[in-house]
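See below for structure-v9.tsv, which holds TSV, C-alpha atoms.
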chain	number	residue	atom	x	y	z
A	1	MET	CA	-10.62	-38.35	-7.79
A	2	PRO	CA	-11.83	-41.98	-7.67
A	3	ASP	CA	-9.42	-44.73	-6.63
A	4	LYS	CA	-8.09	-46.35	-9.82
A	5	VAL	CA	-6.67	-49.39	-8.04
A	6	ARG	CA	-8.37	-52.51	-9.35
A	7	VAL	CA	-6.34	-55.17	-7.54
A	8	SER	CA	-4.78	-55.16	-4.09
A	9	ILE	CA	-2.71	-57.77	-2.32
A	10	GLN	CA	-2.04	-57.82	1.40
A	11	LEU	CA	1.23	-59.32	2.63
A	12	VAL	CA	1.98	-60.19	6.23
A	13	VAL	CA	5.41	-58.99	7.38
A	14	SER	CA	7.42	-59.22	10.57
A	15	ASP	CA	8.42	-55.57	10.89
A	16	LEU	CA	7.02	-52.58	8.98
A	17	GLY	CA	10.22	-50.57	9.44
A	18	VAL	CA	12.37	-53.28	7.85
A	19	THR	CA	9.85	-53.72	5.02
A	20	GLU	CA	9.78	-49.96	4.42
A	21	ALA	CA	13.58	-49.82	4.32
A	22	PHE	CA	13.73	-52.67	1.77
A	23	TYR	CA	11.00	-51.58	-0.66
A	24	GLY	CA	11.26	-47.80	-0.22
A	25	GLY	CA	14.96	-47.46	0.55
A	26	ILE	CA	16.79	-50.18	-1.36
A	27	LEU	CA	14.31	-50.81	-4.21
A	28	GLN	CA	13.25	-47.13	-4.38
A	29	MET	CA	9.58	-48.06	-4.76
A	30	PRO	CA	6.77	-45.60	-3.91
A	31	ILE	CA	5.83	-46.93	-0.48
A	32	GLU	CA	4.22	-44.94	2.29
A	33	ARG	CA	2.71	-45.40	5.71
A	34	ALA	CA	-1.04	-45.27	5.34
A	35	LEU	CA	-3.24	-43.01	7.40
A	36	THR	CA	-5.30	-45.30	9.58
A	37	SER	CA	-8.52	-44.92	11.49
A	38	PRO	CA	-8.38	-45.25	15.28
A	39	GLY	CA	-8.12	-48.94	16.12
A	40	ALA	CA	-7.04	-49.98	12.63
A	41	PRO	CA	-3.59	-51.56	12.27
A	42	GLU	CA	-0.71	-49.47	11.01
A	43	HIS	CA	0.33	-50.56	7.52
A	44	LEU	CA	2.35	-49.66	4.45
A	45	VAL	CA	0.94	-49.12	0.97
A	46	MET	CA	2.73	-49.42	-2.36
A	47	VAL	CA	0.66	-48.36	-5.40
A	48	GLN	CA	1.74	-48.96	-9.01
A	49	ASP	CA	-0.30	-48.91	-12.22
A	50	GLY	CA	-3.66	-50.07	-10.85
A	51	TRP	CA	-2.16	-52.41	-8.25
A	52	LYS	CA	-1.83	-51.89	-4.54
A	53	VAL	CA	0.32	-53.94	-2.18
A	54	ILE	CA	-0.53	-53.55	1.49
A	55	PHE	CA	1.98	-54.64	4.11
A	56	VAL	CA	0.63	-55.40	7.60
A	57	GLU	CA	2.60	-56.68	10.57
A	58	GLU	CA	1.88	-60.26	11.54
A	59	SER	CA	1.06	-59.30	15.13
A	60	ALA	CA	-1.70	-56.94	13.93
A	61	VAL	CA	-3.17	-59.62	11.64
A	62	LEU	CA	-3.16	-62.17	14.47
A	63	HIS	CA	-4.77	-59.66	16.82
A	64	ALA	CA	-7.62	-59.06	14.36
A	65	HIS	CA	-7.85	-62.63	13.02
A	66	ALA	CA	-6.66	-65.06	15.70
A	67	ILE	CA	-8.06	-67.97	13.69
A	68	LEU	CA	-5.15	-67.52	11.22
A	69	GLU	CA	-2.43	-68.17	13.81
A	70	ASP	CA	-1.90	-71.84	12.93
A	71	ARG	CA	-1.51	-71.03	9.22
A	72	LEU	CA	0.71	-68.00	9.69
A	73	THR	CA	3.05	-69.81	12.05
A	74	ALA	CA	3.07	-73.20	10.25
A	75	PHE	CA	4.26	-71.95	6.87
A	76	PRO	CA	7.12	-69.61	6.01
A	77	LYS	CA	6.04	-66.30	4.50
A	78	GLY	CA	6.33	-65.99	0.75
A	79	VAL	CA	6.12	-69.67	-0.20
A	80	GLY	CA	4.87	-69.95	-3.77
A	81	MET	CA	4.61	-66.20	-4.36
A	82	THR	CA	6.85	-64.15	-6.63
A	83	ILE	CA	6.68	-60.37	-6.90
A	84	HIS	CA	7.98	-58.96	-10.21
A	85	ILE	CA	9.01	-55.30	-10.14
A	86	ARG	CA	10.38	-53.15	-12.96
A	87	VAL	CA	12.97	-50.80	-11.50
A	88	ASP	CA	15.36	-48.06	-12.53
A	89	GLU	CA	19.05	-48.18	-11.55
A	90	ILE	CA	19.14	-51.95	-11.07
A	91	GLU	CA	22.93	-51.95	-10.72
A	92	GLU	CA	22.75	-49.60	-7.71
A	93	ILE	CA	19.97	-51.70	-6.21
A	94	TYR	CA	22.05	-54.84	-6.68
A	95	ASP	CA	24.99	-53.19	-4.90
A	96	ALA	CA	22.69	-52.14	-2.03
A	97	LEU	CA	21.34	-55.70	-1.70
A	98	LEU	CA	24.91	-57.00	-1.49
A	99	ASP	CA	25.87	-54.29	1.04
A	100	GLU	CA	22.90	-55.24	3.23
A	101	GLU	CA	23.77	-58.95	2.83
A	102	LEU	CA	20.26	-59.78	1.69
A	103	GLU	CA	19.74	-63.19	0.14
A	104	ILE	CA	20.14	-63.22	-3.64
A	105	LEU	CA	18.85	-66.25	-5.52
A	106	TYR	CA	20.13	-65.28	-9.00
A	107	PRO	CA	22.63	-62.43	-9.38
A	108	LEU	CA	22.25	-59.53	-11.78
A	109	GLU	CA	22.38	-60.81	-15.35
A	110	LEU	CA	21.52	-59.54	-18.82
A	111	LYS	CA	18.97	-61.97	-20.23
A	112	PRO	CA	18.72	-62.87	-23.95
A	113	TYR	CA	15.47	-60.89	-24.12
A	114	ARG	CA	17.45	-57.68	-23.36
A	115	VAL	CA	16.38	-57.25	-19.74
A	116	PHE	CA	18.70	-56.99	-16.76
A	117	GLU	CA	17.26	-59.23	-14.07
A	118	LEU	CA	18.05	-60.36	-10.54
A	119	TRP	CA	16.15	-62.50	-8.10
A	120	CYS	CA	16.29	-61.87	-4.36
A	121	PHE	CA	14.28	-62.43	-1.21
A	122	ASP	CA	12.78	-59.58	0.79
A	123	PRO	CA	13.34	-59.57	4.58
A	124	ASP	CA	10.24	-61.78	5.09
A	125	GLY	CA	11.17	-64.37	2.47
A	126	TYR	CA	8.96	-63.16	-0.38
A	127	LEU	CA	10.70	-63.85	-3.71
A	128	VAL	CA	11.25	-60.59	-5.61
A	129	VAL	CA	12.32	-60.48	-9.26
A	130	LEU	CA	13.77	-57.11	-10.26
A	131	GLU	CA	13.88	-56.19	-13.94
A	132	GLN	CA	15.21	-53.28	-15.97
A	133	PRO	CA	15.09	-53.24	-19.80
A	134	LEU	CA	18.51	-52.77	-21.40
A	135	GLU	CA	17.38	-49.68	-23.35
A	136	THR	CA	16.65	-47.83	-20.09
A	137	ILE	CA	20.22	-48.19	-18.80
A	138	THR	CA	22.23	-44.99	-19.15
A	139	GLY	CA	25.96	-44.58	-18.98

Target encoding structure tokens, full file:
Amino acid sequence: MPDKVRVSIQLVVSDLGVTEAFYGGILQMPIERALTSPGAPEHLVMVQDGWKVIFVEESAVLHAHAILEDRLTAFPKGVGMTIHIRVDEIEEIYDALLDEELEILYPLELKPYRVFELWCFDPDGYLVVLEQPLETITG
């Protein structure tokens, strides 16, 4: 079957295990460790609806592209980037974020456009907006 991903984004992270725990564990997103060729850096892949997000550890990126060191160390990760994700069970995710003491910019709130929304930062400082339409909430 041909790859239907039309857009991919690669994000540099500090620790793949922490990233995997955040996106796969807390946010319950479909993230997996990619099979890599010998010599290729280990990485995580999250595929959704024609998009692919690839997470690669900063040390691996610097090893392969030393010329990027000044940029990667001069600027905090995530500046100017926001990742919007539609989720299920946003209330449970919110509780897990609080339990893990992750930084929340705007707490869980029902917006006038009938969407529950919360804004938080992932472990590397990428701004993540989580959304769940009101009509998908059960209970």

message: Give me, as a ChimeraX atom specification, all polymer residues having an atom no more than 10 Å from Arg33 (chain A), counting only C-alpha atoms and skipping those fewer than 5 positions away in the same chain.
response: /A:16-17,20,42-46,54-55

message: The residues within 10 Å of (6.0, -44.1, -3.3), using only C-alpha atoms and the coordinates of the file, should be reported as a PyMOL selection string; which are they?
response: chain A and resi 23-24+28-33+45-48

- request: Would you kindly return, as a VMD selection string, each protein, DNA or RNA residue with an atom no farther than 10 Å from any atom of Tyr106 (chain A), considering only C-alpha atoms and excluding same-chain residues fewer than 5 positions away?
  value: chain A and resid 117 to 120 129

Output file for the selection above: C-alpha atoms, as a PDB file, keeping the file's coordinate frame:
ATOM      1  CA  GLU A 117      17.260 -59.230 -14.070  1.00  0.00           C
ATOM      2  CA  LEU A 118      18.050 -60.360 -10.540  1.00  0.00           C
ATOM      3  CA  TRP A 119      16.150 -62.500  -8.100  1.00  0.00           C
ATOM      4  CA  CYS A 120      16.290 -61.870  -4.360  1.00  0.00           C
ATOM      5  CA  VAL A 129      12.320 -60.480  -9.260  1.00  0.00           C
TER       6      VAL A 129
END

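Non-sequential neighbours of Leu134 (chain A) (distance at most 7 Å, separation of 5 or more positions within a chain, only C-alpha atoms) are Arg114, Val115 and Phe116 of chain A.
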
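For the atom pair formed by CA of Ala60 (chain A) and CA of Val13 (chain A), the distance is 9.9 Å, given to one decimal.
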
Using only the atoms of region 98-106 of chain A listed in the file, plus 3 Å on each side, state the axis-aligned box centre and edge lengths in Å rounded to one decimal, as lines of an AutoDock Vina configuration file.
center_x = 22.4
center_y = -60.3
center_z = -2.9
size_x = 13.0
size_y = 18.0
size_z = 18.2

- request: Take CA of Lys52 (chain A) and CA of Arg6 (chain A) and report the distance between them in Å, one decimal.
  value: 8.1 Å

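One distance worth recording is that between CA of Leu72 (chain A) and CA of Asp15 (chain A), which is 14.7 Å.
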
task: Using only C-alpha atoms, determine which residues lie at most 10 Å from Lys77 (chain A), disregarding the query and same-chain residues fewer than 3 positions distant; provide the list as a VMD selection string.
output: chain A and resid 11 to 14 72 to 74 80 to 81 123 to 127

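Around region 91-96 of chain A, within 7 Å and counting all atoms listed in the file, the residues found are Ile26, Leu27 and Leu108 of chain A, once anything fewer than 5 positions away on its own chain is removed.
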
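Taking all atoms listed in the file into account, Val18 (chain A) lies nearest to A:Asp122 out of the set A:Asp122, A:Asp70, A:Glu89, A:Asp99.
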
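Remark: for Thr82 (chain A), the closest of the candidate residues A:Ile9, A:Leu97, A:Val128, A:Ile137 is A:Val128 (distances computed over only C-alpha atoms).
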